Each structure stands twice: as C-alpha cells, then as structure tokens.
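A.B. asks: One file: upload-v1.pdb (PDB, C-alpha atoms, pLDDT in the B column).
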ATOM      1  CA  MET A   1      12.200  21.578  38.602  1.00 48.00           C
ATOM      2  CA  LYS A   2       9.571  18.822  38.859  1.00 46.00           C
ATOM      3  CA  THR A   3       7.677  20.362  35.946  1.00 42.00           C
ATOM      4  CA  LEU A   4      10.813  20.436  33.817  1.00 40.00           C
ATOM      5  CA  LEU A   5      11.557  16.798  34.674  1.00 39.00           C
ATOM      6  CA  PHE A   6       7.981  15.805  33.800  1.00 39.00           C
ATOM      7  CA  VAL A   7       8.176  17.602  30.437  1.00 36.00           C
ATOM      8  CA  LEU A   8      11.524  15.987  29.607  1.00 38.00           C
ATOM      9  CA  CYS A   9      10.194  12.514  30.478  1.00 41.00           C
ATOM     10  CA  TRP A  10       7.085  13.160  28.392  1.00 37.00           C
ATOM     11  CA  LEU A  11       9.156  14.283  25.390  1.00 41.00           C
ATOM     12  CA  ILE A  12      11.262  11.134  25.588  1.00 44.00           C
ATOM     13  CA  ALA A  13       8.309   8.754  26.016  1.00 44.00           C
ATOM     14  CA  ALA A  14       5.835  10.390  23.606  1.00 42.00           C
ATOM     15  CA  PRO A  15       7.480   9.367  20.307  1.00 47.00           C
ATOM     16  CA  ALA A  16       7.499   5.718  21.428  1.00 45.00           C
ATOM     17  CA  ALA A  17       3.796   5.926  22.271  1.00 43.00           C
ATOM     18  CA  TRP A  18       3.022   7.599  18.944  1.00 46.00           C
ATOM     19  CA  ALA A  19       5.040   4.965  17.065  1.00 53.00           C
ATOM     20  CA  ALA A  20       2.977   2.234  18.742  1.00 80.00           C
ATOM     21  CA  ASN A  21      -0.129   3.655  17.047  1.00 93.00           C
ATOM     22  CA  GLU A  22       1.309   2.967  13.587  1.00 94.00           C
ATOM     23  CA  LEU A  23       3.359   0.237  11.937  1.00 97.00           C
ATOM     24  CA  LEU A  24       5.031   1.632   8.811  1.00 97.00           C
ATOM     25  CA  VAL A  25       5.376  -1.016   6.099  1.00 97.00           C
ATOM     26  CA  GLY A  26       6.591   1.005   3.124  1.00 96.00           C
ATOM     27  CA  ASP A  27       7.690   4.593   2.649  1.00 94.00           C
ATOM     28  CA  PHE A  28       9.971   3.615  -0.285  1.00 95.00           C
ATOM     29  CA  ASN A  29      12.492   6.316   0.643  1.00 92.00           C
ATOM     30  CA  ALA A  30      15.456   3.986   0.148  1.00 91.00           C
ATOM     31  CA  GLY A  31      14.632   3.909  -3.560  1.00 91.00           C
ATOM     32  CA  GLU A  32      14.950   0.100  -3.605  1.00 92.00           C
ATOM     33  CA  PRO A  33      13.759  -2.969  -1.652  1.00 94.00           C
ATOM     34  CA  PRO A  34      13.463  -4.044   1.106  1.00 96.00           C
ATOM     35  CA  ASN A  35      10.518  -2.209   2.607  1.00 96.00           C
ATOM     36  CA  ASN A  36      10.392  -0.835   6.171  1.00 96.00           C
ATOM     37  CA  VAL A  37       9.651  -4.271   7.700  1.00 97.00           C
ATOM     38  CA  GLY A  38      12.382  -6.050   5.713  1.00 96.00           C
ATOM     39  CA  GLY A  39      10.167  -7.485   2.974  1.00 97.00           C
ATOM     40  CA  ALA A  40      10.565  -7.460  -0.775  1.00 97.00           C
ATOM     41  CA  TYR A  41       8.138  -5.890  -3.243  1.00 98.00           C
ATOM     42  CA  GLY A  42       7.486  -5.984  -6.964  1.00 97.00           C
ATOM     43  CA  THR A  43       4.880  -6.412  -9.678  1.00 97.00           C
ATOM     44  CA  TRP A  44       3.101  -9.438 -11.052  1.00 96.00           C
ATOM     45  CA  ASN A  45       1.273 -10.229 -14.275  1.00 95.00           C
ATOM     46  CA  HIS A  46      -1.505 -12.791 -14.745  1.00 93.00           C
ATOM     47  CA  ASP A  47      -0.213 -13.786 -18.168  1.00 93.00           C
ATOM     48  CA  PRO A  48       3.445 -12.834 -18.741  1.00 90.00           C
ATOM     49  CA  ASN A  49       3.203 -14.215 -22.301  1.00 93.00           C
ATOM     50  CA  ASP A  50       0.508 -11.689 -23.247  1.00 94.00           C
ATOM     51  CA  ASP A  51       2.374  -8.483 -24.105  1.00 92.00           C
ATOM     52  CA  THR A  52      -0.915  -6.537 -24.296  1.00 93.00           C
ATOM     53  CA  GLN A  53      -1.156  -6.532 -20.485  1.00 95.00           C
ATOM     54  CA  GLY A  54       1.243  -5.983 -17.603  1.00 95.00           C
ATOM     55  CA  CYS A  55       2.308  -3.939 -14.595  1.00 97.00           C
ATOM     56  CA  PHE A  56       5.661  -2.317 -13.870  1.00 96.00           C
ATOM     57  CA  TYR A  57       6.882  -0.279 -10.905  1.00 96.00           C
ATOM     58  CA  PHE A  58       9.343   2.585 -10.610  1.00 95.00           C
ATOM     59  CA  HIS A  59      10.665   4.589  -7.669  1.00 93.00           C
ATOM     60  CA  GLU A  60       9.641   8.144  -8.304  1.00 88.00           C
ATOM     61  CA  PRO A  61      10.860  11.171  -6.318  1.00 86.00           C
ATOM     62  CA  GLU A  62       7.762  12.552  -4.694  1.00 73.00           C
ATOM     63  CA  ASP A  63       7.285  16.073  -3.429  1.00 63.00           C
ATOM     64  CA  SER A  64       4.152  15.659  -1.356  1.00 61.00           C
ATOM     65  CA  GLN A  65       3.096  16.731   2.107  1.00 60.00           C
ATOM     66  CA  GLN A  66       3.170  13.108   3.259  1.00 60.00           C
ATOM     67  CA  ASN A  67       6.682  12.368   2.017  1.00 61.00           C
ATOM     68  CA  PRO A  68       8.376  15.628   0.957  1.00 63.00           C
ATOM     69  CA  ASP A  69      11.916  14.296   0.547  1.00 68.00           C
ATOM     70  CA  GLY A  70      11.258  10.687  -0.350  1.00 84.00           C
ATOM     71  CA  PHE A  71      10.079   8.356  -3.037  1.00 92.00           C
ATOM     72  CA  ALA A  72       6.713   6.918  -4.007  1.00 94.00           C
ATOM     73  CA  ILE A  73       5.999   3.846  -6.092  1.00 96.00           C
ATOM     74  CA  ARG A  74       4.750   4.590  -9.608  1.00 96.00           C
ATOM     75  CA  LEU A  75       2.711   1.727 -11.054  1.00 98.00           C
ATOM     76  CA  ASP A  76       2.230   1.674 -14.802  1.00 98.00           C
ATOM     77  CA  TYR A  77      -0.496  -0.900 -15.416  1.00 98.00           C
ATOM     78  CA  ASP A  78      -2.226  -2.218 -18.549  1.00 97.00           C
ATOM     79  CA  VAL A  79      -5.316  -4.453 -18.456  1.00 97.00           C
ATOM     80  CA  GLN A  80      -6.454  -3.621 -21.961  1.00 94.00           C
ATOM     81  CA  SER A  81      -6.300  -6.997 -23.672  1.00 93.00           C
ATOM     82  CA  LYS A  82      -8.594  -9.292 -25.633  1.00 94.00           C
ATOM     83  CA  ASN A  83      -7.712 -11.932 -23.016  1.00 94.00           C
ATOM     84  CA  PRO A  84      -8.687 -11.864 -19.323  1.00 94.00           C
ATOM     85  CA  ALA A  85      -6.316  -9.291 -17.827  1.00 96.00           C
ATOM     86  CA  PHE A  86      -5.248  -8.632 -14.246  1.00 96.00           C
ATOM     87  CA  ASN A  87      -1.982  -7.674 -12.602  1.00 97.00           C
ATOM     88  CA  GLY A  88      -0.589  -5.450  -9.904  1.00 98.00           C
ATOM     89  CA  PHE A  89       1.883  -4.745  -7.127  1.00 98.00           C
ATOM     90  CA  TRP A  90       2.799  -6.967  -4.160  1.00 98.00           C
ATOM     91  CA  ILE A  91       4.606  -6.094  -0.946  1.00 98.00           C
ATOM     92  CA  LYS A  92       5.764  -8.742   1.531  1.00 98.00           C
ATOM     93  CA  LEU A  93       4.782  -8.128   5.158  1.00 98.00           C
ATOM     94  CA  ALA A  94       7.421 -10.476   6.624  1.00 96.00           C
ATOM     95  CA  GLY A  95       5.026 -12.158   9.074  1.00 96.00           C
ATOM     96  CA  ILE A  96       4.315  -8.966  11.032  1.00 97.00           C
ATOM     97  CA  ASP A  97       1.767  -8.950  13.840  1.00 97.00           C
ATOM     98  CA  THR A  98      -1.067  -6.579  12.930  1.00 96.00           C
ATOM     99  CA  SER A  99      -3.496  -7.838  15.584  1.00 95.00           C
ATOM    100  CA  GLU A 100      -3.333  -4.512  17.478  1.00 95.00           C
ATOM    101  CA  PHE A 101      -4.205  -2.481  14.381  1.00 96.00           C
ATOM    102  CA  ASN A 102      -7.604  -1.875  12.781  1.00 95.00           C
ATOM    103  CA  VAL A 103      -6.734   0.164   9.686  1.00 97.00           C
ATOM    104  CA  LEU A 104      -4.602  -0.406   6.603  1.00 97.00           C
ATOM    105  CA  SER A 105      -3.567   3.036   5.391  1.00 97.00           C
ATOM    106  CA  PHE A 106      -1.781   4.224   2.272  1.00 97.00           C
ATOM    107  CA  TRP A 107      -1.582   7.360   0.158  1.00 96.00           C
ATOM    108  CA  VAL A 108      -2.565   7.199  -3.503  1.00 96.00           C
ATOM    109  CA  ARG A 109      -3.074   9.390  -6.534  1.00 96.00           C
ATOM    110  CA  GLY A 110      -3.537   8.925 -10.246  1.00 96.00           C
ATOM    111  CA  GLY A 111      -1.157  10.139 -12.916  1.00 93.00           C
ATOM    112  CA  ALA A 112      -1.207  13.850 -13.732  1.00 85.00           C
ATOM    113  CA  ASP A 113      -2.320  13.206 -17.311  1.00 89.00           C
ATOM    114  CA  GLY A 114      -5.714  11.885 -16.133  1.00 92.00           C
ATOM    115  CA  LYS A 115      -5.057   8.397 -17.480  1.00 95.00           C
ATOM    116  CA  PHE A 116      -5.721   6.198 -14.446  1.00 98.00           C
ATOM    117  CA  THR A 117      -8.378   3.982 -12.963  1.00 98.00           C
ATOM    118  CA  THR A 118     -10.485   5.470 -10.195  1.00 98.00           C
ATOM    119  CA  ARG A 119     -10.844   2.069  -8.547  1.00 97.00           C
ATOM    120  CA  PHE A 120      -8.896  -1.122  -7.883  1.00 98.00           C
ATOM    121  CA  LYS A 121      -8.701  -3.854  -5.241  1.00 98.00           C
ATOM    122  CA  VAL A 122      -6.365  -4.482  -2.313  1.00 98.00           C
ATOM    123  CA  GLU A 123      -5.774  -7.930  -0.818  1.00 97.00           C
ATOM    124  CA  VAL A 124      -4.055  -8.860   2.425  1.00 97.00           C
ATOM    125  CA  LYS A 125      -2.837 -12.400   3.121  1.00 97.00           C
ATOM    126  CA  ASP A 126      -1.767 -14.322   6.197  1.00 96.00           C
ATOM    127  CA  ASP A 127       0.714 -17.171   6.742  1.00 96.00           C
ATOM    128  CA  GLN A 128      -1.985 -19.811   6.091  1.00 95.00           C
ATOM    129  CA  GLY A 129      -2.898 -18.429   2.670  1.00 93.00           C
ATOM    130  CA  HIS A 130      -6.153 -16.838   3.856  1.00 95.00           C
ATOM    131  CA  ARG A 131      -6.929 -13.523   2.257  1.00 95.00           C
ATOM    132  CA  ALA A 132      -9.315 -10.607   2.477  1.00 95.00           C
ATOM    133  CA  ILE A 133     -10.188  -8.396  -0.490  1.00 95.00           C
ATOM    134  CA  TYR A 134     -11.107  -4.720  -0.191  1.00 96.00           C
ATOM    135  CA  PRO A 135     -12.378  -2.385  -2.934  1.00 96.00           C
ATOM    136  CA  VAL A 136     -10.654   0.986  -3.260  1.00 97.00           C
ATOM    137  CA  GLN A 137     -12.431   3.742  -5.169  1.00 97.00           C
ATOM    138  CA  GLY A 138     -12.562   7.480  -5.661  1.00 97.00           C
ATOM    139  CA  ILE A 139      -8.942   7.839  -6.829  1.00 97.00           C
ATOM    140  CA  THR A 140      -8.144  11.298  -8.202  1.00 97.00           C
ATOM    141  CA  ALA A 141      -5.051  13.120  -9.465  1.00 95.00           C
ATOM    142  CA  GLU A 142      -4.500  14.520  -5.943  1.00 94.00           C
ATOM    143  CA  TRP A 143      -2.839  12.667  -3.073  1.00 94.00           C
ATOM    144  CA  GLN A 144      -5.339  11.204  -0.637  1.00 96.00           C
ATOM    145  CA  GLU A 145      -5.132   8.806   2.255  1.00 96.00           C
ATOM    146  CA  ILE A 146      -7.035   5.551   1.860  1.00 97.00           C
ATOM    147  CA  ARG A 147      -8.054   4.025   5.201  1.00 97.00           C
ATOM    148  CA  ILE A 148      -9.374   0.462   5.044  1.00 96.00           C
ATOM    149  CA  GLU A 149     -10.947  -0.951   8.192  1.00 95.00           C
ATOM    150  CA  ILE A 150      -9.313  -4.348   7.785  1.00 93.00           C
ATOM    151  CA  LYS A 151     -11.036  -6.181  10.642  1.00 89.00           C
ATOM    152  CA  LYS A 152     -14.477  -5.706   9.033  1.00 86.00           C
ATOM    153  CA  THR A 153     -14.201  -8.860   6.964  1.00 80.00           C
ATOM    154  CA  LYS A 154     -15.623 -12.358   7.120  1.00 80.00           C
ATOM    155  CA  SER A 155     -12.245 -13.815   6.244  1.00 81.00           C
ATOM    156  CA  GLU A 156     -10.544 -15.653   9.100  1.00 88.00           C
ATOM    157  CA  LEU A 157      -7.145 -14.063   8.803  1.00 92.00           C
ATOM    158  CA  ASN A 158      -4.370 -14.706  11.287  1.00 95.00           C
ATOM    159  CA  TRP A 159      -3.645 -11.037  12.041  1.00 95.00           C
ATOM    160  CA  LYS A 160      -0.591 -12.099  14.090  1.00 96.00           C
ATOM    161  CA  LYS A 161       1.252 -13.402  10.994  1.00 97.00           C
ATOM    162  CA  MET A 162       0.550 -11.287   7.931  1.00 97.00           C
ATOM    163  CA  THR A 163       2.583 -12.109   4.853  1.00 98.00           C
ATOM    164  CA  GLU A 164       1.532  -9.929   1.936  1.00 98.00           C
ATOM    165  CA  MET A 165      -0.452  -6.976   0.640  1.00 98.00           C
ATOM    166  CA  VAL A 166      -1.399  -6.902  -3.040  1.00 98.00           C
ATOM    167  CA  VAL A 167      -2.776  -4.111  -5.246  1.00 98.00           C
ATOM    168  CA  VAL A 168      -4.884  -5.621  -8.051  1.00 98.00           C
ATOM    169  CA  PHE A 169      -5.802  -3.986 -11.347  1.00 98.00           C
ATOM    170  CA  ASP A 170      -8.229  -5.971 -13.486  1.00 96.00           C
ATOM    171  CA  ASP A 171     -10.108  -5.478 -16.717  1.00 95.00           C
ATOM    172  CA  ILE A 172     -13.509  -5.734 -14.997  1.00 95.00           C
ATOM    173  CA  VAL A 173     -12.986  -3.213 -12.169  1.00 96.00           C
ATOM    174  CA  ALA A 174     -10.616  -0.696 -13.814  1.00 96.00           C
ATOM    175  CA  THR A 175     -12.322   2.460 -15.061  1.00 96.00           C
ATOM    176  CA  TYR A 176      -9.319   3.250 -17.253  1.00 96.00           C
ATOM    177  CA  LYS A 177      -7.603   0.172 -18.689  1.00 96.00           C
ATOM    178  CA  GLU A 178      -4.067   1.545 -19.120  1.00 96.00           C
ATOM    179  CA  GLY A 179      -2.561   4.175 -16.868  1.00 97.00           C
ATOM    180  CA  THR A 180      -0.496   5.211 -13.865  1.00 97.00           C
ATOM    181  CA  ILE A 181      -1.162   5.079 -10.128  1.00 97.00           C
ATOM    182  CA  TYR A 182       1.190   6.319  -7.374  1.00 96.00           C
ATOM    183  CA  ILE A 183       1.277   4.682  -3.935  1.00 96.00           C
ATOM    184  CA  ASP A 184       3.165   5.743  -0.810  1.00 95.00           C
ATOM    185  CA  GLN A 185       3.291   5.499   2.990  1.00 95.00           C
ATOM    186  CA  ILE A 186       1.733   2.037   3.466  1.00 97.00           C
ATOM    187  CA  SER A 187       1.086   1.383   7.152  1.00 97.00           C
ATOM    188  CA  PHE A 188      -1.167  -0.295   9.699  1.00 98.00           C
ATOM    189  CA  LYS A 189      -2.809   2.037  12.232  1.00 97.00           C
ATOM    190  CA  LYS A 190      -4.927   1.806  15.356  1.00 94.00           C
TER     191      LYS A 190
END
Can you dump the structure from the file as structure tokens?

C.D. replies:
Amino acid sequence: MKTLLFVLCWLIAAPAAWAANELLVGDFNAGEPPNNVGGAYGTWNHDPNDDTQGCFYFHEPEDSQQNPDGFAIRLDYDVQSKNPAFNGFWIKLAGIDTSEFNVLSFWVRGGADGKFTTRFKVEVKDDQGHRAIYPVQGITAEWQEIRIEIKKTKSELNWKKMTEMVVVFDDIVATYKEGTIYIDQISFKK
C-alpha cells in the first residue's frame, strides 16, 4: 500500500517538476495571438515603403514530431533589395522571469522547396532596452531544435524581466535572400 501511495504521489508531482524545467513561450496552436505567456507577435520591416523587401507570417498546420496536431509559424521573408534590407518576426515575452533558465530553445526548418537562408540572428530584450544577439546557422529543410545558451553573453540583461524575442533576416547574413522559414515551440529551458 505504501508503494502504491508513493507512486501515486510521484505521478501527481512529476509533471509539475518537469514543467518547472521549461517555460513555453509559443507553440502557436491557437492559430492566432496571444502566445503562451499572453504576449502578442508579428512581423516587422526595416523600410515599409520599400516593396522589394519585407516579412510576413502565417499560421501553418504542422505535422511534426514536436507538434503533431498544432500550428507552426511560417515566415516568408525578402531581403533582396538595392537598399539596405532587414526584417523579421517579433514575439513579446510579457516581462517573464527567465533567470532560472539557461537555454532559449525553438524548432526551425526551411521551406521544402530549398529556398531559405541557412542562417539568421535572434535577439532577446529586457525591460530596460538591453539586448543580446545570437547567430543561428545550419538551418536545413528538416525540423531541428536550436538551443542557444543565452547566459553566455556580455550583455547585461535583466533576466527577471524579459520583454521580447526577435528573429532577424538581413541582406548581409542571409544565404538566400528571399524564402521561407518555419518556427515552432519557442521556450526557455534549464
């Protein structure tokens, strides 16, 4: 009887302990904002008056191992312009406390047609406007988890009040100037 009671207590407590190891920011399964922490998300363009560059997002049903019945964000970006070009996707973090977490994790893949950049940048920002920038590279047409060790930065971020994560495509870094990237399951992990 004691063994059964122990197992039942463990089964009740274990999911809470596992949840404490991860803070899910965006699984996009609702098919519309807000994200999992109550924040908005969208795209931005450096020069909205230049119609030769831009970024747009769509909720796309995604049949992947990470999110078999949900949605992913499809980002159609274009940084092919005679002018300086950069744009991307932002997701508000609603002032969450990430001080207990060391890794920013998300799943990513390029479009099936092979037209996508293999590298871009990710920025995280705090409530004081401080930011840290991380390169992301090695993107393929297959889903893969990107794990960024966020605390390995010289930036003095206030990890207790994080406000935004931004995906940045730019004409200097992008290996393919116009294409499609999919992003899903954004979270902070220990």

A.B. asks: Going by the chain IDs and residue numbers used in this file, which residues fall under the PyMOL selection byres ((chain A and resi 113-116) around 12)? Write them as number ranges by chain.

C.D. replies: A: 74-79, 108-112, 117-120, 137-142, 169, 174-182

A.B. asks: Which residues match the PyMOL selection byres ((chain A and resi 89) around 6) in the file above, as a ChimeraX atom specification?

C.D. replies: /A:42-43,88,90,166-167

A.B. asks: For the file shown, what are the residues hit by the PyMOL selection byres ((chain A and resi 151) around 12), laid out as a CSV table (one decimal) with C-alpha atoms, in the frame of the given file?

C.D. replies:
chain,number,residue,atom,x,y,z
A,98,THR,CA,-1.1,-6.6,12.9
A,99,SER,CA,-3.5,-7.8,15.6
A,100,GLU,CA,-3.3,-4.5,17.5
A,101,PHE,CA,-4.2,-2.5,14.4
A,102,ASN,CA,-7.6,-1.9,12.8
A,103,VAL,CA,-6.7,0.2,9.7
A,104,LEU,CA,-4.6,-0.4,6.6
A,124,VAL,CA,-4.1,-8.9,2.4
A,131,ARG,CA,-6.9,-13.5,2.3
A,132,ALA,CA,-9.3,-10.6,2.5
A,133,ILE,CA,-10.2,-8.4,-0.5
A,134,TYR,CA,-11.1,-4.7,-0.2
A,147,ARG,CA,-8.1,4.0,5.2
A,148,ILE,CA,-9.4,0.5,5.0
A,149,GLU,CA,-10.9,-1.0,8.2
A,150,ILE,CA,-9.3,-4.3,7.8
A,152,LYS,CA,-14.5,-5.7,9.0
A,153,THR,CA,-14.2,-8.9,7.0
A,154,LYS,CA,-15.6,-12.4,7.1
A,155,SER,CA,-12.2,-13.8,6.2
A,156,GLU,CA,-10.5,-15.7,9.1
A,157,LEU,CA,-7.1,-14.1,8.8
A,158,ASN,CA,-4.4,-14.7,11.3
A,159,TRP,CA,-3.6,-11.0,12.0
A,188,PHE,CA,-1.2,-0.3,9.7
A,189,LYS,CA,-2.8,2.0,12.2
A,190,LYS,CA,-4.9,1.8,15.4

A.B. asks: Restricting the calculation to only C-alpha atoms: of A:Gly95, A:Gly70, A:Pro135, A:Gly129, which residue gets closest to Gly39 of chain A?

C.D. replies: A:Gly95

A.B. asks: Would you compute the distance between atom CA of Lys121 of chain A and atom CA of Asp170 of chain A? Give it in Å to one decimal.

C.D. replies: 8.5 Å

A.B. asks: Please, what distance in Å, to one decimal, runs between atom CA of Tyr41 of chain A and atom CA of Asn87 of chain A?

C.D. replies: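 Going from atom CA of Tyr41 of chain A over to atom CA of Asn87 of chain A covers 13.9 Å.
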
A.B. asks: Please compute the atom CA of Ser105 of chain A-atom CA of Ile186 of chain A distance, one decimal, in Å.

C.D. replies: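 Separating atom CA of Ser105 of chain A from atom CA of Ile186 of chain A is a distance of 5.7 Å.
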
A.B. asks: Would you list the contacts of Phe106 of chain A as a ChimeraX atom specification, taking every protein, DNA or RNA residue within 6 Å and counting all atoms listed in the file, but skipping same-chain residues closer than 3 positions in sequence?

C.D. replies: /A:145-146,185-186

A.B. asks: Go ahead and save the picked residues with C-alpha atoms, as a compact mmCIF listing (two decimals), in the coordinates of the input.

C.D. replies:
# COMPACT_ATOMS: atom_id res chain seq x y z
CA GLU A 145 -5.13 8.81 2.26
CA ILE A 146 -7.04 5.55 1.86
CA GLN A 185 3.29 5.50 2.99
CA ILE A 186 1.73 2.04 3.47

A.B. asks: Considering only C-alpha atoms, can you say which of A:Val37, A:Val122, A:Asn45, A:Ile73 comes closest to Leu23 of chain A?

C.D. replies: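 For Leu23 of chain A, the nearest of the given residues is A:Val37.
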
A.B. asks: Taking all atoms listed in the file into account, name the residue in A:Leu93, A:Trp143, A:Pro84, A:Ala40 that is nearest to Leu24 of chain A.

C.D. replies: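 Among the listed residues, the smallest separation from Leu24 of chain A belongs to A:Leu93.
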
A.B. asks: Given the choices A:Val136, A:Met162, A:His46, A:Ala72, which gets closest to Phe58 of chain A if the distance is worked out from all atoms listed in the file?

C.D. replies: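 For Phe58 of chain A, the nearest of the candidates is A:Ala72.
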
A.B. asks: Which of these residues is nearest to Ile91 of chain A, using all atoms listed in the file: A:Asp27, A:Glu164, A:Asp127, A:Asp171?

C.D. replies: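 Among A:Asp27, A:Glu164, A:Asp127, A:Asp171, it is A:Glu164 that comes nearest to Ile91 of chain A.
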
A.B. asks: From the structure block, carefully write segment 78-125 of chain A out with C-alpha atoms; format it as a CSV table (one decimal), in the first residue's frame.

C.D. replies:
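So result_39.csv came out as:
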chain,number,residue,atom,x,y,z
A,78,ASP,CA,12.6,39.0,-48.6
A,79,VAL,CA,15.8,40.9,-48.1
A,80,GLN,CA,16.7,41.1,-51.8
A,81,SER,CA,16.7,44.9,-52.4
A,82,LYS,CA,19.0,47.5,-53.8
A,83,ASN,CA,18.6,49.3,-50.4
A,84,PRO,CA,19.8,48.1,-47.0
A,85,ALA,CA,17.3,45.3,-46.1
A,86,PHE,CA,16.4,43.7,-42.8
A,87,ASN,CA,13.2,42.4,-41.3
A,88,GLY,CA,11.8,39.6,-39.2
A,89,PHE,CA,9.5,38.2,-36.6
A,90,TRP,CA,8.9,39.5,-33.0
A,91,ILE,CA,7.3,37.8,-30.1
A,92,LYS,CA,6.5,39.7,-26.8
A,93,LEU,CA,7.7,37.9,-23.7
A,94,ALA,CA,5.3,39.9,-21.3
A,95,GLY,CA,8.0,40.6,-18.7
A,96,ILE,CA,8.6,36.9,-17.9
A,97,ASP,CA,11.3,35.9,-15.4
A,98,THR,CA,13.9,33.7,-17.2
A,99,SER,CA,16.6,34.0,-14.5
A,100,GLU,CA,16.2,30.3,-13.7
A,101,PHE,CA,16.7,29.2,-17.3
A,102,ASN,CA,20.0,28.9,-19.3
A,103,VAL,CA,18.7,28.0,-22.8
A,104,LEU,CA,16.4,29.6,-25.4
A,105,SER,CA,15.0,26.7,-27.5
A,106,PHE,CA,13.0,26.6,-30.6
A,107,TRP,CA,12.4,24.3,-33.6
A,108,VAL,CA,13.1,25.5,-37.1
A,109,ARG,CA,13.2,24.3,-40.7
A,110,GLY,CA,13.5,25.8,-44.1
A,111,GLY,CA,10.9,25.6,-46.8
A,112,ALA,CA,10.5,22.4,-48.7
A,113,ASP,CA,11.5,24.0,-52.0
A,114,GLY,CA,15.0,24.7,-50.8
A,115,LYS,CA,14.6,28.4,-50.9
A,116,PHE,CA,15.6,29.6,-47.5
A,117,THR,CA,18.5,31.1,-45.6
A,118,THR,CA,20.7,28.7,-43.6
A,119,ARG,CA,21.5,31.4,-41.1
A,120,PHE,CA,19.8,34.4,-39.3
A,121,LYS,CA,20.0,36.2,-36.0
A,122,VAL,CA,18.0,36.0,-32.8
A,123,GLU,CA,17.8,38.9,-30.3
A,124,VAL,CA,16.3,38.9,-26.8
A,125,LYS,CA,15.5,42.1,-25.0
